[in-house]
file structure-v5.txt (compact mmCIF, C-alpha atoms and all ligand atoms)
# COMPACT_ATOMS: atom_id res chain seq x y z
CA MET A 1 -5.71 -9.44 -24.86
CA THR A 2 -7.50 -8.58 -21.66
CA ARG A 3 -9.00 -5.20 -21.13
CA PRO A 4 -8.10 -3.07 -18.13
CA ASN A 5 -11.65 -3.10 -16.78
CA GLY A 6 -11.71 -6.88 -17.01
CA SER A 7 -14.81 -7.27 -19.16
CA ALA A 8 -14.50 -10.59 -20.90
CA LYS A 9 -15.64 -10.60 -24.49
CA LYS A 10 -15.76 -8.01 -27.22
CA ASN A 11 -18.49 -8.39 -29.76
CA ASN A 12 -17.93 -8.06 -33.49
CA SER A 13 -19.21 -4.53 -33.82
CA THR A 14 -16.97 -3.34 -30.97
CA LYS A 15 -13.96 -4.85 -32.77
CA LYS A 16 -15.01 -3.19 -36.03
CA ILE A 17 -15.37 0.18 -34.29
CA GLU A 18 -11.88 -0.27 -32.83
CA ARG A 19 -10.41 -0.89 -36.28
CA LEU A 20 -12.20 2.17 -37.70
CA LEU A 21 -10.99 4.40 -34.88
CA ARG A 22 -7.43 3.17 -35.39
CA GLN A 23 -7.76 4.06 -39.07
CA LEU A 24 -9.17 7.46 -38.15
CA LEU A 25 -6.11 8.18 -35.99
CA ILE A 26 -3.86 7.33 -38.95
CA GLU A 27 -5.86 9.58 -41.29
CA LEU A 28 -5.58 12.42 -38.78
CA GLY A 29 -1.79 12.10 -39.02
CA GLU A 30 -1.24 10.24 -35.77
CA ASN A 31 0.71 7.14 -34.89
CA PRO A 32 -1.88 4.81 -33.32
CA ASP A 33 0.89 2.59 -31.91
CA ARG A 34 2.46 5.18 -29.68
CA GLU A 35 2.03 4.69 -25.98
CA GLY A 36 -0.70 7.23 -25.31
CA LEU A 37 -2.85 6.09 -28.22
CA ILE A 38 -2.39 2.34 -28.33
CA GLN A 39 -5.43 1.67 -26.13
CA THR A 40 -7.49 4.60 -27.37
CA PRO A 41 -9.53 2.78 -30.06
CA ALA A 42 -10.46 0.07 -27.54
CA ARG A 43 -11.34 2.61 -24.87
CA MET A 44 -13.46 4.64 -27.28
CA ALA A 45 -15.26 1.58 -28.65
CA GLU A 46 -16.16 0.60 -25.12
CA MET A 47 -17.25 4.15 -24.28
CA TYR A 48 -19.47 4.25 -27.36
CA GLU A 49 -21.31 1.19 -26.09
CA GLU A 50 -22.28 3.25 -23.10
CA ILE A 51 -22.98 6.66 -24.60
CA PHE A 52 -24.91 5.17 -27.53
CA GLY A 53 -26.61 2.61 -25.32
CA GLY A 54 -30.00 4.31 -25.79
CA TYR A 55 -30.68 2.27 -28.93
CA ARG A 56 -30.79 -0.90 -26.86
CA MET A 57 -32.54 0.51 -23.81
CA ASN A 58 -36.08 -0.20 -23.05
CA ALA A 59 -37.39 2.20 -20.47
CA GLU A 60 -40.94 1.18 -19.77
CA LEU A 61 -43.02 3.87 -18.13
CA GLU A 62 -45.71 1.50 -16.97
CA VAL A 63 -44.73 1.04 -13.34
CA SER A 64 -46.42 3.79 -11.40
CA PHE A 65 -47.89 4.62 -8.05
CA SER A 66 -51.47 5.52 -7.43
CA GLU A 67 -51.89 9.15 -6.36
CA GLU A 68 -54.38 11.96 -6.72
CA THR A 69 -52.61 15.08 -7.88
CA ASP A 70 -52.87 17.92 -10.38
CA ALA A 71 -49.45 18.37 -11.91
CA ILE A 72 -46.12 16.69 -11.37
CA ILE A 73 -42.88 18.39 -12.27
CA ALA A 74 -39.55 16.61 -12.48
CA LYS A 75 -36.97 19.37 -12.71
CA ASN A 76 -33.30 19.31 -13.63
CA ILE A 77 -32.92 15.80 -15.03
CA GLU A 78 -29.31 15.82 -16.21
CA PHE A 79 -28.56 14.46 -19.67
CA TYR A 80 -25.68 13.97 -22.08
CA SER A 81 -26.28 13.37 -25.76
CA MET A 82 -24.39 13.44 -29.07
CA CYS A 83 -25.12 15.94 -31.82
CA GLU A 84 -25.70 13.90 -34.96
CA HIS A 85 -24.28 16.58 -37.24
CA HIS A 86 -20.85 16.73 -35.63
CA MET A 87 -20.69 13.78 -33.23
CA LEU A 88 -19.87 16.14 -30.38
CA PRO A 89 -21.67 16.20 -27.04
CA PHE A 90 -24.55 18.42 -26.13
CA TYR A 91 -25.69 18.30 -22.54
CA GLY A 92 -27.78 20.02 -19.96
CA LYS A 93 -31.04 19.62 -18.09
CA ILE A 94 -34.50 18.42 -18.93
CA HIS A 95 -37.67 19.40 -17.08
CA ILE A 96 -40.74 17.22 -17.43
CA ALA A 97 -44.16 18.38 -16.23
CA TYR A 98 -47.22 16.23 -16.67
CA ILE A 99 -50.84 16.07 -15.65
CA PRO A 100 -51.56 12.52 -14.50
CA SER A 101 -54.89 10.76 -14.56
CA GLY A 102 -54.77 8.87 -11.30
CA LYS A 103 -51.24 7.50 -11.47
CA VAL A 104 -47.76 8.96 -11.45
CA PHE A 105 -44.39 7.77 -12.72
CA GLY A 106 -41.42 7.22 -10.46
CA ILE A 107 -38.73 9.87 -10.97
CA SER A 108 -36.17 7.20 -11.83
CA LYS A 109 -38.43 6.01 -14.67
CA LEU A 110 -38.43 9.49 -16.16
CA ALA A 111 -34.66 9.72 -15.81
CA ARG A 112 -34.32 6.36 -17.60
CA LEU A 113 -36.60 7.58 -20.37
CA VAL A 114 -34.39 10.64 -20.84
CA GLU A 115 -31.33 8.37 -21.09
CA LYS A 116 -33.02 6.12 -23.59
CA TYR A 117 -33.37 9.00 -26.06
CA ALA A 118 -30.26 10.99 -25.06
CA ARG A 119 -27.80 8.13 -25.49
CA ARG A 120 -27.87 8.08 -29.27
CA MET A 121 -27.18 10.36 -32.24
CA GLN A 122 -29.57 13.21 -31.67
CA ILE A 123 -30.69 16.73 -32.27
CA GLN A 124 -32.11 18.57 -29.29
CA GLU A 125 -35.52 19.23 -30.86
CA ARG A 126 -36.08 15.54 -31.59
CA LEU A 127 -34.88 14.50 -28.14
CA THR A 128 -37.47 16.82 -26.58
CA LYS A 129 -40.27 15.54 -28.85
CA GLN A 130 -39.46 11.86 -28.41
CA ILE A 131 -39.63 12.17 -24.62
CA ALA A 132 -42.95 14.07 -24.78
CA ASP A 133 -44.41 11.61 -27.30
CA GLU A 134 -43.53 8.57 -25.26
CA ILE A 135 -45.04 10.07 -22.10
CA ILE A 136 -48.26 11.16 -23.79
CA ARG A 137 -48.76 7.62 -25.15
CA THR A 138 -49.30 6.46 -21.57
CA ASP A 139 -52.49 7.14 -19.68
CA ILE A 140 -51.95 10.81 -18.77
CA LYS A 141 -53.71 14.07 -19.67
CA GLY A 142 -50.86 16.22 -20.83
CA VAL A 143 -47.11 16.73 -20.79
CA LEU A 144 -44.60 19.55 -21.21
CA VAL A 145 -40.93 18.81 -21.82
CA ILE A 146 -38.22 21.48 -21.77
CA ALA A 147 -34.59 20.80 -22.66
CA GLU A 148 -31.83 23.31 -21.94
CA ALA A 149 -28.47 22.43 -23.42
CA GLU A 150 -25.01 23.57 -24.33
CA HIS A 151 -23.57 22.24 -27.57
CA LEU A 152 -19.86 21.61 -27.90
CA CYS A 153 -20.16 21.83 -31.69
CA MET A 154 -21.14 25.47 -31.17
CA LYS A 155 -18.62 26.19 -28.44
CA MET A 156 -15.52 24.51 -29.89
CA ARG A 157 -15.78 25.42 -33.54
CA GLY A 158 -17.25 27.82 -36.09
CA VAL A 159 -18.57 31.05 -34.60
CA LYS A 160 -17.98 29.77 -31.04
CA ASN A 161 -21.50 30.66 -30.03
CA ASP A 162 -21.90 30.19 -26.31
CA SER A 163 -25.67 30.33 -25.99
CA LEU A 164 -27.88 27.95 -24.09
CA ILE A 165 -30.39 26.32 -26.44
CA VAL A 166 -33.88 25.79 -25.06
CA THR A 167 -36.41 23.50 -26.76
CA VAL A 168 -39.99 22.98 -25.65
CA CYS A 169 -42.60 20.40 -26.57
CA HIS A 170 -46.13 20.12 -25.21
CA ARG A 171 -48.78 17.48 -25.79
CA GLY A 172 -52.38 16.83 -24.69
CA ILE A 173 -54.02 19.40 -22.41
CA MET A 174 -50.66 21.14 -22.00
CA GLU A 175 -50.93 21.96 -25.68
CA GLU A 176 -54.59 22.96 -25.51
CA GLN A 177 -54.59 25.06 -22.34
CA ARG A 178 -52.21 27.96 -22.40
CA GLN A 179 -53.14 29.03 -18.88
CA LEU A 180 -52.20 25.66 -17.46
CA ARG A 181 -48.97 25.71 -19.42
CA ASP A 182 -48.11 29.15 -18.05
CA GLN A 183 -48.81 27.97 -14.49
CA VAL A 184 -46.51 25.01 -14.92
CA LEU A 185 -43.81 27.13 -16.55
CA SER A 186 -43.91 29.59 -13.68
CA LEU A 187 -43.35 26.69 -11.30
CA ILE A 188 -40.44 25.33 -13.35
CA TYR A 189 -38.89 28.78 -13.64
CA ALA A 190 -39.82 30.03 -10.18
CA SER A 191 -36.27 31.31 -9.76
CA LYS A 192 -36.10 32.64 -13.33
CA PRO A 193 -39.17 34.91 -13.57
CA GLU A 194 -38.18 36.20 -17.01
CA MET A 195 -39.08 32.86 -18.58
CA ARG A 196 -42.78 32.42 -17.99
CA SER A 197 -44.22 31.78 -21.38
CA VAL A 198 -43.61 29.93 -24.63
ZN ZN B 201 -23.56 19.85 -33.95
call {"tool": "encode", "arguments": {"input": "structure-v5.txt", "output": "structure tokens"}}
result
Amino acid sequence: MTRPNGSAKKNNSTKKIERLLRQLLIELGENPDREGLIQTPARMAEMYEEIFGGYRMNAELEVSFSEETDAIIAKNIEFYSMCEHHMLPFYGKIHIAYIPSGKVFGISKLARLVEKYARRMQIQERLTKQIADEIIRTDIKGVLVIAEAEHLCMKMRGVKNDSLIVTVCHRGIMEEQRQLRDQVLSLIYASKPEMRSV
């Protein structure tokens, strides 16, 4: 059978995921052979390859440009991830601020790094830490990562809590120097003066 998007071969794990999703539809009380659902397991299996692609991504941060600068802030990096407790999306924005030592990362490298950790089963706190930890392992002085996200598992079910969850992680001199951290935070939240400190 050929797939609508024309991609040639399905690997074994994709086929297994398809079978499991078909079984899931049956267990939910559905008829997986009806018109609207017949392609759903295949579509979902293919989608999972993309949204869980972070496990196979390598997003090297090494390529950088030589610059003299104090702090660099990459604001509003969009991300989509999957809550590992409910397998429902959580999504929002990540801000990365770092103090370089002579070199800076390209913005696209930081966006790739966010994808590498977002596209897998996650919790927001770990996502924030993993990004900060990978950046601090390179030759920089300090990093601050903030993630702001909405969680569908909170919106769609249970108490239907609609709040925005904010997680923060700082490493290196961003951890040691509160004044520096406050300066950077005021730049990130220039339009939201109520959030100046963590
Ligand atoms: Zn959840």
call {"tool": "atom_distance", "arguments": {"input": "structure-v5.txt", "atom1": "CA of Val168 in chain A", "atom2": "CA of Glu49 in chain A"}}
result
28.7 Å
call {"tool": "atom_distance", "arguments": {"input": "structure-v5.txt", "atom1": "CA of Ala42 in chain A", "atom2": "CA of Asn11 in chain A"}}
result
11.9 Å
call {"tool": "residues_near_ligand", "arguments": {"input": "structure-v5.txt", "ligand": "ligand ZN 201 (chain B)", "cutoff": "6 Å", "atoms": "all atoms listed in the file", "output": "compact mmCIF listing (two decimals) with C-alpha atoms, in the frame of the given file"}}
result
# COMPACT_ATOMS: atom_id res chain seq x y z
CA CYS A 83 -25.12 15.94 -31.82
CA HIS A 85 -24.28 16.58 -37.24
CA HIS A 86 -20.85 16.73 -35.63
CA CYS A 153 -20.16 21.83 -31.69
call {"tool": "residues_around", "arguments": {"input": "structure-v5.txt", "residues": "His151 in chain A", "least_positions_apart": "4", "cutoff": "7 Å", "atoms": "all atoms listed in the file", "output": "list in words"}}
result
Pro89, Phe90, Tyr91 and Lys155 of chain A
call {"tool": "atom_distance", "arguments": {"input": "structure-v5.txt", "atom1": "CA of Lys15 in chain A", "atom2": "CA of Leu37 in chain A"}}
result
16.2 Å
call {"tool": "build_atoms", "arguments": {"input": "structure-v5.txt", "residues": "range 97-115 of chain A", "atoms": "N, CA and C atoms", "output": "PDB file, keeping the file's coordinate frame"}}
result
ATOM      1  N   ALA A  97     -42.962  18.109 -17.033  1.00  0.00           N
ATOM      2  CA  ALA A  97     -44.160  18.380 -16.230  1.00  0.00           C
ATOM      3  C   ALA A  97     -45.311  17.629 -16.873  1.00  0.00           C
ATOM      4  N   TYR A  98     -46.078  16.929 -16.072  1.00  0.00           N
ATOM      5  CA  TYR A  98     -47.220  16.230 -16.670  1.00  0.00           C
ATOM      6  C   TYR A  98     -48.422  16.257 -15.745  1.00  0.00           C
ATOM      7  N   ILE A  99     -49.576  16.110 -16.379  1.00  0.00           N
ATOM      8  CA  ILE A  99     -50.840  16.070 -15.650  1.00  0.00           C
ATOM      9  C   ILE A  99     -51.300  14.615 -15.661  1.00  0.00           C
ATOM     10  N   PRO A 100     -51.213  13.943 -14.515  1.00  0.00           N
ATOM     11  CA  PRO A 100     -51.560  12.520 -14.500  1.00  0.00           C
ATOM     12  C   PRO A 100     -53.069  12.303 -14.508  1.00  0.00           C
ATOM     13  N   SER A 101     -53.482  11.075 -14.807  1.00  0.00           N
ATOM     14  CA  SER A 101     -54.890  10.760 -14.560  1.00  0.00           C
ATOM     15  C   SER A 101     -54.916   9.586 -13.599  1.00  0.00           C
ATOM     16  N   GLY A 102     -54.660   9.882 -12.344  1.00  0.00           N
ATOM     17  CA  GLY A 102     -54.770   8.870 -11.300  1.00  0.00           C
ATOM     18  C   GLY A 102     -53.465   8.208 -10.899  1.00  0.00           C
ATOM     19  N   LYS A 103     -52.500   8.166 -11.811  1.00  0.00           N
ATOM     20  CA  LYS A 103     -51.240   7.500 -11.470  1.00  0.00           C
ATOM     21  C   LYS A 103     -50.067   8.390 -11.823  1.00  0.00           C
ATOM     22  N   VAL A 104     -48.946   8.174 -11.141  1.00  0.00           N
ATOM     23  CA  VAL A 104     -47.760   8.960 -11.450  1.00  0.00           C
ATOM     24  C   VAL A 104     -46.569   8.030 -11.701  1.00  0.00           C
ATOM     25  N   PHE A 105     -45.602   8.554 -12.440  1.00  0.00           N
ATOM     26  CA  PHE A 105     -44.390   7.770 -12.720  1.00  0.00           C
ATOM     27  C   PHE A 105     -43.359   8.020 -11.632  1.00  0.00           C
ATOM     28  N   GLY A 106     -42.571   7.002 -11.344  1.00  0.00           N
ATOM     29  CA  GLY A 106     -41.420   7.220 -10.460  1.00  0.00           C
ATOM     30  C   GLY A 106     -40.410   8.113 -11.159  1.00  0.00           C
ATOM     31  N   ILE A 107     -39.736   8.962 -10.404  1.00  0.00           N
ATOM     32  CA  ILE A 107     -38.730   9.870 -10.970  1.00  0.00           C
ATOM     33  C   ILE A 107     -37.649   9.107 -11.725  1.00  0.00           C
ATOM     34  N   SER A 108     -37.250   7.959 -11.176  1.00  0.00           N
ATOM     35  CA  SER A 108     -36.170   7.200 -11.830  1.00  0.00           C
ATOM     36  C   SER A 108     -36.621   6.697 -13.204  1.00  0.00           C
ATOM     37  N   LYS A 109     -37.913   6.440 -13.359  1.00  0.00           N
ATOM     38  CA  LYS A 109     -38.430   6.010 -14.670  1.00  0.00           C
ATOM     39  C   LYS A 109     -38.283   7.133 -15.686  1.00  0.00           C
ATOM     40  N   LEU A 110     -38.559   8.358 -15.242  1.00  0.00           N
ATOM     41  CA  LEU A 110     -38.430   9.490 -16.160  1.00  0.00           C
ATOM     42  C   LEU A 110     -36.957   9.726 -16.516  1.00  0.00           C
ATOM     43  N   ALA A 111     -36.087   9.554 -15.542  1.00  0.00           N
ATOM     44  CA  ALA A 111     -34.660   9.720 -15.810  1.00  0.00           C
ATOM     45  C   ALA A 111     -34.171   8.662 -16.803  1.00  0.00           C
ATOM     46  N   ARG A 112     -34.675   7.434 -16.664  1.00  0.00           N
ATOM     47  CA  ARG A 112     -34.320   6.360 -17.600  1.00  0.00           C
ATOM     48  C   ARG A 112     -34.829   6.671 -19.005  1.00  0.00           C
ATOM     49  N   LEU A 113     -36.031   7.220 -19.072  1.00  0.00           N
ATOM     50  CA  LEU A 113     -36.600   7.580 -20.370  1.00  0.00           C
ATOM     51  C   LEU A 113     -35.740   8.640 -21.065  1.00  0.00           C
ATOM     52  N   VAL A 114     -35.280   9.612 -20.282  1.00  0.00           N
ATOM     53  CA  VAL A 114     -34.390  10.640 -20.840  1.00  0.00           C
ATOM     54  C   VAL A 114     -33.120   9.992 -21.387  1.00  0.00           C
ATOM     55  N   GLU A 115     -32.548   9.067 -20.630  1.00  0.00           N
ATOM     56  CA  GLU A 115     -31.330   8.370 -21.090  1.00  0.00           C
ATOM     57  C   GLU A 115     -31.565   7.593 -22.355  1.00  0.00           C
TER      58      GLU A 115
END
